[in-house]
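Participant: Just final-v3.txt, nothing more (compact mmCIF, N, CA and C atoms):
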# COMPACT_ATOMS: atom_id res chain seq x y z
N MET A 571 84.73 66.59 112.38
CA MET A 571 85.22 67.71 111.58
C MET A 571 85.85 68.76 112.51
N PRO A 572 87.05 69.21 112.19
CA PRO A 572 87.71 70.20 113.05
C PRO A 572 86.98 71.54 113.06
N LEU A 573 86.85 72.12 114.24
CA LEU A 573 86.26 73.45 114.41
C LEU A 573 87.35 74.52 114.43
N PHE A 574 88.58 74.11 114.46
CA PHE A 574 89.75 74.98 114.58
C PHE A 574 90.48 75.04 113.23
N PRO A 575 91.38 76.02 113.06
CA PRO A 575 92.10 76.13 111.79
C PRO A 575 92.99 74.92 111.51
N VAL A 576 92.90 74.41 110.27
CA VAL A 576 93.74 73.30 109.82
C VAL A 576 94.31 73.70 108.46
N GLN A 577 95.62 73.80 108.40
CA GLN A 577 96.28 74.19 107.16
C GLN A 577 96.32 73.01 106.20
N ALA A 578 96.11 73.29 104.94
CA ALA A 578 96.19 72.26 103.90
C ALA A 578 97.65 71.84 103.69
N PRO A 579 97.87 70.61 103.23
CA PRO A 579 99.24 70.17 102.92
C PRO A 579 99.93 71.15 101.97
N ASP A 580 101.21 71.37 102.19
CA ASP A 580 101.94 72.37 101.42
C ASP A 580 102.76 71.81 100.25
N GLY A 581 102.73 70.50 100.08
CA GLY A 581 103.44 69.90 98.96
C GLY A 581 104.92 69.68 99.18
N ARG A 582 105.46 70.10 100.31
CA ARG A 582 106.89 69.91 100.62
C ARG A 582 107.10 68.50 101.15
N LYS A 583 107.12 67.54 100.26
CA LYS A 583 107.21 66.12 100.64
C LYS A 583 108.57 65.74 101.20
N ASP A 584 109.54 66.64 101.10
CA ASP A 584 110.86 66.38 101.65
C ASP A 584 110.93 66.65 103.15
N LEU A 585 109.88 67.23 103.72
CA LEU A 585 109.89 67.58 105.14
C LEU A 585 108.92 66.73 105.94
N THR A 586 109.46 66.02 106.91
CA THR A 586 108.62 65.21 107.80
C THR A 586 108.00 66.10 108.88
N GLU A 587 107.10 65.52 109.63
CA GLU A 587 106.52 66.24 110.77
C GLU A 587 107.62 66.62 111.76
N LEU A 588 108.54 65.71 112.02
CA LEU A 588 109.62 65.98 112.96
C LEU A 588 110.50 67.13 112.47
N ASP A 589 110.81 67.17 111.17
CA ASP A 589 111.61 68.27 110.61
C ASP A 589 110.92 69.60 110.89
N ARG A 590 109.66 69.66 110.64
CA ARG A 590 108.89 70.90 110.78
C ARG A 590 108.80 71.32 112.26
N GLN A 591 108.48 70.35 113.11
CA GLN A 591 108.36 70.64 114.53
C GLN A 591 109.70 71.09 115.10
N SER A 592 110.78 70.43 114.71
CA SER A 592 112.11 70.80 115.19
C SER A 592 112.47 72.22 114.79
N TRP A 593 112.12 72.60 113.55
CA TRP A 593 112.41 73.96 113.09
C TRP A 593 111.70 74.97 113.98
N VAL A 594 110.41 74.74 114.27
CA VAL A 594 109.63 75.68 115.09
C VAL A 594 110.26 75.79 116.48
N VAL A 595 110.54 74.67 117.11
CA VAL A 595 111.11 74.68 118.46
C VAL A 595 112.45 75.40 118.47
N ASN A 596 113.33 75.07 117.54
CA ASN A 596 114.65 75.71 117.49
C ASN A 596 114.54 77.20 117.23
N TYR A 597 113.66 77.60 116.33
CA TYR A 597 113.48 79.03 116.02
C TYR A 597 113.02 79.79 117.26
N ILE A 598 112.02 79.27 117.92
CA ILE A 598 111.50 79.95 119.12
C ILE A 598 112.57 80.02 120.20
N ARG A 599 113.23 78.91 120.47
CA ARG A 599 114.22 78.88 121.56
C ARG A 599 115.44 79.75 121.26
N LYS A 600 115.83 79.87 120.01
CA LYS A 600 117.03 80.65 119.67
C LYS A 600 116.75 82.13 119.48
N SER A 601 115.54 82.48 119.03
CA SER A 601 115.32 83.88 118.66
C SER A 601 114.16 84.56 119.39
N GLN A 602 113.42 83.83 120.18
CA GLN A 602 112.24 84.41 120.84
C GLN A 602 112.29 84.14 122.34
N PRO A 603 113.13 84.88 123.07
CA PRO A 603 113.33 84.59 124.49
C PRO A 603 112.11 84.81 125.38
N ASN A 604 111.10 85.51 124.88
CA ASN A 604 109.92 85.77 125.69
C ASN A 604 108.80 84.75 125.49
N ILE A 605 109.11 83.70 124.72
CA ILE A 605 108.13 82.64 124.48
C ILE A 605 108.73 81.31 124.92
N ILE A 606 107.96 80.55 125.67
CA ILE A 606 108.35 79.19 126.04
C ILE A 606 107.63 78.24 125.11
N VAL A 607 108.34 77.26 124.59
CA VAL A 607 107.73 76.22 123.76
C VAL A 607 108.20 74.87 124.30
N TYR A 608 107.28 73.93 124.35
CA TYR A 608 107.65 72.57 124.70
C TYR A 608 106.76 71.58 123.97
N ALA A 609 107.32 70.40 123.77
CA ALA A 609 106.61 69.33 123.06
C ALA A 609 105.88 68.44 124.05
N THR A 610 104.76 67.91 123.61
CA THR A 610 104.01 66.94 124.40
C THR A 610 104.51 65.55 124.02
N PRO A 611 105.02 64.79 124.97
CA PRO A 611 105.49 63.44 124.64
C PRO A 611 104.36 62.57 124.10
N ASN A 612 104.67 61.81 123.09
CA ASN A 612 103.68 60.92 122.49
C ASN A 612 104.06 59.48 122.79
N ALA A 613 103.43 58.91 123.78
CA ALA A 613 103.78 57.54 124.20
C ALA A 613 103.40 56.50 123.16
N ALA A 614 102.51 56.84 122.24
CA ALA A 614 102.12 55.87 121.22
C ALA A 614 103.30 55.47 120.35
N LYS A 615 104.30 56.33 120.27
CA LYS A 615 105.47 56.05 119.45
C LYS A 615 106.56 55.32 120.25
N ARG A 616 106.25 54.95 121.47
CA ARG A 616 107.23 54.28 122.33
C ARG A 616 106.74 52.87 122.62
N GLY A 617 107.54 52.14 123.34
CA GLY A 617 107.21 50.76 123.67
C GLY A 617 106.04 50.64 124.64
N PHE A 618 105.58 49.41 124.81
CA PHE A 618 104.42 49.11 125.66
C PHE A 618 104.63 49.61 127.08
N SER A 619 105.81 49.41 127.65
CA SER A 619 106.09 49.83 129.02
C SER A 619 105.96 51.35 129.17
N ALA A 620 106.50 52.08 128.20
CA ALA A 620 106.40 53.54 128.24
C ALA A 620 104.95 53.99 128.09
N GLN A 621 104.18 53.29 127.27
CA GLN A 621 102.77 53.63 127.10
C GLN A 621 102.01 53.44 128.41
N ARG A 622 102.28 52.33 129.10
CA ARG A 622 101.61 52.07 130.38
C ARG A 622 101.94 53.15 131.39
N GLN A 623 103.23 53.51 131.48
CA GLN A 623 103.64 54.54 132.43
C GLN A 623 102.98 55.87 132.08
N ALA A 624 102.96 56.22 130.80
CA ALA A 624 102.36 57.49 130.38
C ALA A 624 100.88 57.55 130.74
N LYS A 625 100.17 56.44 130.59
CA LYS A 625 98.74 56.41 130.97
C LYS A 625 98.59 56.65 132.47
N LYS A 626 99.47 56.03 133.27
CA LYS A 626 99.41 56.24 134.72
C LYS A 626 99.70 57.69 135.09
N GLU A 627 100.57 58.33 134.30
CA GLU A 627 100.94 59.72 134.57
C GLU A 627 99.88 60.71 134.09
N GLY A 628 98.89 60.23 133.34
CA GLY A 628 97.80 61.10 132.91
C GLY A 628 97.82 61.46 131.43
N LEU A 629 98.50 60.68 130.61
CA LEU A 629 98.50 60.92 129.17
C LEU A 629 97.07 61.03 128.66
N LEU A 630 96.85 62.00 127.79
CA LEU A 630 95.54 62.19 127.19
C LEU A 630 95.70 62.10 125.68
N ALA A 631 94.99 61.19 125.06
CA ALA A 631 95.09 61.00 123.61
C ALA A 631 94.68 62.26 122.87
N GLY A 632 95.42 62.59 121.83
CA GLY A 632 95.07 63.69 120.95
C GLY A 632 95.68 65.03 121.27
N VAL A 633 96.33 65.16 122.43
CA VAL A 633 96.93 66.45 122.79
C VAL A 633 97.92 66.86 121.70
N PHE A 634 97.88 68.13 121.31
CA PHE A 634 98.70 68.61 120.21
C PHE A 634 100.19 68.60 120.54
N ASP A 635 101.00 68.64 119.50
CA ASP A 635 102.45 68.51 119.59
C ASP A 635 103.13 69.56 120.45
N LEU A 636 102.77 70.83 120.24
CA LEU A 636 103.52 71.92 120.84
C LEU A 636 102.63 72.84 121.68
N THR A 637 103.17 73.25 122.82
CA THR A 637 102.53 74.24 123.68
C THR A 637 103.42 75.48 123.68
N PHE A 638 102.80 76.65 123.55
CA PHE A 638 103.51 77.92 123.58
C PHE A 638 102.93 78.76 124.71
N ALA A 639 103.79 79.47 125.43
CA ALA A 639 103.32 80.35 126.50
C ALA A 639 104.21 81.59 126.55
N TRP A 640 103.58 82.74 126.88
CA TRP A 640 104.34 83.97 127.04
C TRP A 640 103.77 84.75 128.20
N ASP A 641 104.48 85.77 128.59
CA ASP A 641 104.23 86.54 129.80
C ASP A 641 102.87 87.24 129.80
N ILE A 642 102.10 87.00 130.82
CA ILE A 642 100.79 87.64 130.97
C ILE A 642 100.96 89.13 131.26
N LYS A 643 101.91 89.49 132.09
CA LYS A 643 102.08 90.88 132.52
C LYS A 643 102.42 91.83 131.38
N HIS A 644 103.10 91.34 130.37
CA HIS A 644 103.56 92.22 129.29
C HIS A 644 102.84 91.97 127.98
N SER A 645 101.66 91.40 128.05
CA SER A 645 100.92 91.10 126.83
C SER A 645 99.62 91.88 126.80
N ASP A 646 99.36 92.51 125.67
CA ASP A 646 98.08 93.19 125.47
C ASP A 646 97.02 92.21 124.98
N ALA A 647 97.46 91.01 124.63
CA ALA A 647 96.55 90.02 124.06
C ALA A 647 95.81 89.27 125.16
N ASP A 648 94.63 88.76 124.80
CA ASP A 648 93.87 87.92 125.72
C ASP A 648 94.47 86.53 125.81
N VAL A 649 95.26 86.16 124.80
CA VAL A 649 95.84 84.82 124.70
C VAL A 649 97.28 84.86 125.18
N THR A 650 97.66 83.94 126.05
CA THR A 650 99.07 83.82 126.45
C THR A 650 99.55 82.37 126.42
N VAL A 651 98.66 81.45 126.08
CA VAL A 651 98.99 80.04 125.91
C VAL A 651 98.20 79.52 124.72
N CYS A 652 98.86 78.72 123.88
CA CYS A 652 98.17 78.13 122.74
C CYS A 652 98.85 76.82 122.36
N TRP A 653 98.21 76.07 121.49
CA TRP A 653 98.71 74.75 121.10
C TRP A 653 98.69 74.60 119.60
N ALA A 654 99.74 73.99 119.06
CA ALA A 654 99.82 73.73 117.62
C ALA A 654 100.13 72.26 117.38
N GLU A 655 99.46 71.70 116.40
CA GLU A 655 99.75 70.34 115.93
C GLU A 655 100.49 70.49 114.61
N MET A 656 101.60 69.80 114.46
CA MET A 656 102.37 69.84 113.22
C MET A 656 102.08 68.59 112.40
N LYS A 657 102.05 68.77 111.10
CA LYS A 657 101.91 67.65 110.17
C LYS A 657 102.98 67.77 109.09
N GLY A 658 103.35 66.66 108.53
CA GLY A 658 104.34 66.62 107.46
C GLY A 658 104.02 65.47 106.54
N TYR A 659 105.04 64.94 105.90
CA TYR A 659 104.88 63.85 104.95
C TYR A 659 105.66 62.64 105.41
N ASP A 660 105.12 61.45 105.13
CA ASP A 660 105.84 60.23 105.49
C ASP A 660 106.79 59.85 104.34
N ALA A 661 107.52 58.75 104.52
CA ALA A 661 108.52 58.32 103.55
C ALA A 661 107.93 58.03 102.18
N SER A 662 106.66 57.66 102.13
CA SER A 662 106.02 57.37 100.84
C SER A 662 105.45 58.63 100.19
N GLY A 663 105.61 59.79 100.84
CA GLY A 663 105.12 61.05 100.28
C GLY A 663 103.68 61.36 100.61
N ARG A 664 103.12 60.63 101.57
CA ARG A 664 101.73 60.85 101.98
C ARG A 664 101.66 61.94 103.05
N ALA A 665 100.74 62.89 102.87
CA ALA A 665 100.55 63.97 103.84
C ALA A 665 99.93 63.44 105.12
N GLY A 666 100.42 63.93 106.25
CA GLY A 666 99.84 63.57 107.53
C GLY A 666 98.45 64.16 107.68
N SER A 667 97.65 63.54 108.53
CA SER A 667 96.30 64.05 108.79
C SER A 667 95.99 63.91 110.27
N LEU A 668 95.02 64.66 110.72
CA LEU A 668 94.62 64.61 112.12
C LEU A 668 93.94 63.28 112.43
N THR A 669 94.24 62.74 113.60
CA THR A 669 93.55 61.54 114.06
C THR A 669 92.21 61.96 114.68
N PRO A 670 91.28 61.02 114.82
CA PRO A 670 90.03 61.35 115.51
C PRO A 670 90.28 61.91 116.92
N ALA A 671 91.26 61.37 117.64
CA ALA A 671 91.55 61.87 118.99
C ALA A 671 92.06 63.30 118.95
N GLN A 672 92.87 63.63 117.95
CA GLN A 672 93.36 65.01 117.82
C GLN A 672 92.22 65.97 117.48
N ILE A 673 91.33 65.55 116.62
CA ILE A 673 90.18 66.39 116.29
C ILE A 673 89.31 66.61 117.53
N ASP A 674 89.06 65.54 118.29
CA ASP A 674 88.25 65.66 119.50
C ASP A 674 88.91 66.60 120.51
N TRP A 675 90.23 66.43 120.73
CA TRP A 675 90.94 67.28 121.69
C TRP A 675 90.95 68.73 121.21
N GLY A 676 91.28 68.94 119.94
CA GLY A 676 91.31 70.29 119.39
C GLY A 676 89.95 70.96 119.46
N ASN A 677 88.90 70.23 119.13
CA ASN A 677 87.55 70.80 119.20
C ASN A 677 87.16 71.14 120.64
N ALA A 678 87.51 70.27 121.58
CA ALA A 678 87.20 70.53 122.99
C ALA A 678 87.91 71.79 123.48
N MET A 679 89.16 71.95 123.10
CA MET A 679 89.91 73.14 123.52
C MET A 679 89.34 74.39 122.84
N HIS A 680 89.06 74.29 121.55
CA HIS A 680 88.48 75.41 120.80
C HIS A 680 87.14 75.83 121.41
N GLN A 681 86.30 74.88 121.74
CA GLN A 681 84.99 75.18 122.32
C GLN A 681 85.11 75.84 123.69
N ARG A 682 86.24 75.63 124.37
CA ARG A 682 86.48 76.26 125.67
C ARG A 682 87.15 77.62 125.52
N GLY A 683 87.36 78.05 124.27
CA GLY A 683 87.93 79.37 124.02
C GLY A 683 89.44 79.41 123.86
N HIS A 684 90.09 78.25 123.85
CA HIS A 684 91.54 78.21 123.69
C HIS A 684 91.91 78.27 122.22
N LYS A 685 93.10 78.75 121.94
CA LYS A 685 93.60 78.85 120.57
C LYS A 685 94.39 77.59 120.24
N VAL A 686 93.91 76.87 119.24
CA VAL A 686 94.55 75.66 118.75
C VAL A 686 94.50 75.68 117.23
N ALA A 687 95.50 75.08 116.59
CA ALA A 687 95.52 75.03 115.13
C ALA A 687 96.48 73.93 114.69
N CYS A 688 96.30 73.48 113.45
CA CYS A 688 97.14 72.44 112.85
C CYS A 688 97.85 73.04 111.64
N PHE A 689 99.15 72.79 111.54
CA PHE A 689 99.97 73.40 110.50
C PHE A 689 100.85 72.39 109.77
N PHE A 690 101.10 72.66 108.51
CA PHE A 690 102.17 72.03 107.76
C PHE A 690 103.37 72.98 107.73
N SER A 691 103.14 74.25 107.51
CA SER A 691 104.21 75.23 107.38
C SER A 691 104.69 75.72 108.74
N ALA A 692 105.99 75.55 108.98
CA ALA A 692 106.58 76.04 110.23
C ALA A 692 106.48 77.56 110.31
N LYS A 693 106.71 78.23 109.20
CA LYS A 693 106.62 79.69 109.18
C LYS A 693 105.20 80.15 109.54
N SER A 694 104.20 79.41 109.10
CA SER A 694 102.82 79.76 109.42
C SER A 694 102.54 79.68 110.91
N VAL A 695 103.20 78.79 111.62
CA VAL A 695 103.04 78.70 113.08
C VAL A 695 103.50 80.02 113.71
N ILE A 696 104.67 80.50 113.28
CA ILE A 696 105.22 81.74 113.84
C ILE A 696 104.29 82.92 113.51
N GLU A 697 103.78 82.98 112.29
CA GLU A 697 102.85 84.05 111.91
C GLU A 697 101.58 83.98 112.76
N TRP A 698 101.09 82.77 113.01
CA TRP A 698 99.90 82.58 113.85
C TRP A 698 100.15 83.08 115.27
N LEU A 699 101.33 82.74 115.81
CA LEU A 699 101.67 83.22 117.15
C LEU A 699 101.66 84.75 117.20
N ALA A 700 102.22 85.37 116.18
CA ALA A 700 102.23 86.84 116.13
C ALA A 700 100.80 87.39 116.07
N GLU A 701 99.93 86.76 115.29
CA GLU A 701 98.53 87.18 115.20
C GLU A 701 97.83 87.07 116.56
N LEU A 702 98.22 86.08 117.34
CA LEU A 702 97.62 85.88 118.67
C LEU A 702 98.15 86.85 119.71
N GLY A 703 99.19 87.60 119.35
CA GLY A 703 99.76 88.57 120.28
C GLY A 703 101.02 88.10 120.97
N ALA A 704 101.59 86.99 120.54
CA ALA A 704 102.86 86.53 121.11
C ALA A 704 103.95 87.55 120.78
N PRO A 705 104.88 87.75 121.70
CA PRO A 705 105.92 88.77 121.48
C PRO A 705 107.02 88.27 120.52
N ILE A 706 106.66 88.18 119.25
CA ILE A 706 107.61 87.75 118.22
C ILE A 706 108.53 88.93 117.91
N ARG A 707 109.84 88.69 118.05
CA ARG A 707 110.84 89.72 117.79
C ARG A 707 111.47 89.50 116.42
N GLY A 708 111.66 90.60 115.71
CA GLY A 708 112.37 90.53 114.43
C GLY A 708 111.52 90.00 113.30
N ARG A 709 112.18 89.83 112.19
CA ARG A 709 111.56 89.32 110.98
C ARG A 709 111.47 87.80 111.06
N ILE A 710 110.40 87.25 110.57
CA ILE A 710 110.19 85.80 110.61
C ILE A 710 111.04 85.15 109.52
N ALA A 711 111.93 84.28 109.94
CA ALA A 711 112.80 83.56 108.99
C ALA A 711 112.00 82.52 108.23
N ALA A 712 112.43 82.22 107.04
CA ALA A 712 111.73 81.21 106.21
C ALA A 712 112.10 79.81 106.61
Would it be possible to restate this file's structure as structure tokens?
Facilitator:
Amino acid sequence: MPLFPVQAPDGRKDLTELDRQSWVVNYIRKSQPNIIVYATPNAAKRGFSAQRQAKKEGLLAGVFDLTFAWDIKHSDADVTVCWAEMKGYDASGRAGSLTPAQIDWGNAMHQRGHKVACFFSAKSVIEWLAELGAPIRGRIAA
């Protein structure tokens, strides 16, 4: 059972996980210059050779999709790095769910005091970042 925030499916079956994640990354990179965002490569979605290489490089099962970081010197917040897992809907209209490895990783990070959460809504990710003290500039686009 997740110890961290997990957003319920939002019913937007037209949006895949990739659609949602891409929106968040593009929004941050285009409008939030004081925040760095990057995706964690998922070797499970690649061929056997890529999976083997990723394991050698230190791949850890369950690591969340996106990492966010902002400047320590200019932040009043205790948090300057956090992780978000995005979920969406598959082609059959089924809502994505956390894997056991994602729950284990998220719980381990949460228990160590790190901020982690799972979202369906891209806008909710941005609102969460603002709540954590990330330097979100301007009005949050829908």
Participant: Do you know which residues are at most 6 Å from region 646-657 of chain A counting only N, CA and C atoms, after dropping those on the same chain fewer than 2 positions away, and could you put them as an MDAnalysis selection string?
Facilitator: chainID A and resid 586:587 634:640 644 659 666 685:690 702:703
Participant: Here's a test: counting only C-alpha atoms, identify every protein, DNA and RNA residue with an atom at most 10 Å from (110.0, 88.8, 118.0) in the file's coordinate frame, and state them as a PyMOL selection string.
Facilitator: chain A and resi 598+601-605+696+700+704-710
Participant: Using all atoms listed in the file, find the one residue out of A:Trp675, A:Glu701, A:Gly663, A:His680 that sits nearest to Asp584 (chain A).
Facilitator: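 Comparing A:Trp675, A:Glu701, A:Gly663, A:His680 against Asp584 (chain A), the winner is A:Gly663.
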Participant: Would you list the residues near (83.5, 68.6, 110.8) (no more than 12 Å away, in the coordinates of the file, using only C-alpha atoms) as a PDB file with N, CA and C atoms, in the frame of the given file?
Facilitator:
ATOM      1  N   MET A 571      84.730  66.590 112.380  1.00  0.00           N
ATOM      2  CA  MET A 571      85.220  67.710 111.580  1.00  0.00           C
ATOM      3  C   MET A 571      85.850  68.760 112.510  1.00  0.00           C
ATOM      4  N   PRO A 572      87.050  69.210 112.190  1.00  0.00           N
ATOM      5  CA  PRO A 572      87.710  70.200 113.050  1.00  0.00           C
ATOM      6  C   PRO A 572      86.980  71.540 113.060  1.00  0.00           C
ATOM      7  N   LEU A 573      86.850  72.120 114.240  1.00  0.00           N
ATOM      8  CA  LEU A 573      86.260  73.450 114.410  1.00  0.00           C
ATOM      9  C   LEU A 573      87.350  74.520 114.430  1.00  0.00           C
ATOM     10  N   PHE A 574      88.580  74.110 114.460  1.00  0.00           N
ATOM     11  CA  PHE A 574      89.750  74.980 114.580  1.00  0.00           C
ATOM     12  C   PHE A 574      90.480  75.040 113.230  1.00  0.00           C
ATOM     13  N   PRO A 575      91.380  76.020 113.060  1.00  0.00           N
ATOM     14  CA  PRO A 575      92.100  76.130 111.790  1.00  0.00           C
ATOM     15  C   PRO A 575      92.990  74.920 111.510  1.00  0.00           C
ATOM     16  N   VAL A 576      92.900  74.410 110.270  1.00  0.00           N
ATOM     17  CA  VAL A 576      93.740  73.300 109.820  1.00  0.00           C
ATOM     18  C   VAL A 576      94.310  73.700 108.460  1.00  0.00           C
ATOM     19  N   LEU A 668      95.020  64.660 110.720  1.00  0.00           N
ATOM     20  CA  LEU A 668      94.620  64.610 112.120  1.00  0.00           C
ATOM     21  C   LEU A 668      93.940  63.280 112.430  1.00  0.00           C
ATOM     22  N   PRO A 670      91.280  61.020 114.820  1.00  0.00           N
ATOM     23  CA  PRO A 670      90.030  61.350 115.510  1.00  0.00           C
ATOM     24  C   PRO A 670      90.280  61.910 116.920  1.00  0.00           C
ATOM     25  N   ILE A 673      91.330  65.550 116.620  1.00  0.00           N
ATOM     26  CA  ILE A 673      90.180  66.390 116.290  1.00  0.00           C
ATOM     27  C   ILE A 673      89.310  66.610 117.530  1.00  0.00           C
ATOM     28  N   ASP A 674      89.060  65.540 118.290  1.00  0.00           N
ATOM     29  CA  ASP A 674      88.250  65.660 119.500  1.00  0.00           C
ATOM     30  C   ASP A 674      88.910  66.600 120.510  1.00  0.00           C
ATOM     31  N   GLY A 676      91.280  68.940 119.940  1.00  0.00           N
ATOM     32  CA  GLY A 676      91.310  70.290 119.390  1.00  0.00           C
ATOM     33  C   GLY A 676      89.950  70.960 119.460  1.00  0.00           C
ATOM     34  N   ASN A 677      88.900  70.230 119.130  1.00  0.00           N
ATOM     35  CA  ASN A 677      87.550  70.800 119.200  1.00  0.00           C
ATOM     36  C   ASN A 677      87.160  71.140 120.640  1.00  0.00           C
TER      37      ASN A 677
END
Participant: Of the residues A:Ala671, A:Lys693, A:Ala661, A:Lys600, which is the one nearest to Leu630 (chain A), using all atoms listed in the file?
Facilitator: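 Going through A:Ala671, A:Lys693, A:Ala661, A:Lys600 one by one, the smallest distance to Leu630 (chain A) is for A:Ala671.
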Participant: Atom C of Asp660 (chain A) and atom C of Leu585 (chain A) are how many Å apart?
Facilitator: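 Distance between the two atoms: 7.4 Å.
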Participant: How many Å lie between atom N of Leu588 (chain A) and atom N of Leu629 (chain A), rounded to one decimal?
Facilitator: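 Between atom N of Leu588 (chain A) and atom N of Leu629 (chain A) the gap works out to 21.7 Å.
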Participant: Find the distance between atom C of Lys625 (chain A) and atom C of Thr610 (chain A) and write it in Å to one decimal.
Facilitator: 13.6 Å
Participant: List every residue of region 577-709 of chain A that DSSP, applied to the backbone, labels as alpha helix (DSSP H), and write the result as a VMD selection string.
Facilitator: chain A and resid 587 to 601 618 to 627 670 to 681 692 to 702
Participant: Using DSSP on the backbone coordinates, identify all residues within region 623-707 of chain A classified as strand (DSSP E or B); present the result as a PyMOL selection string.
Facilitator: chain A and resi 636-640+651-656+659+665+685-689
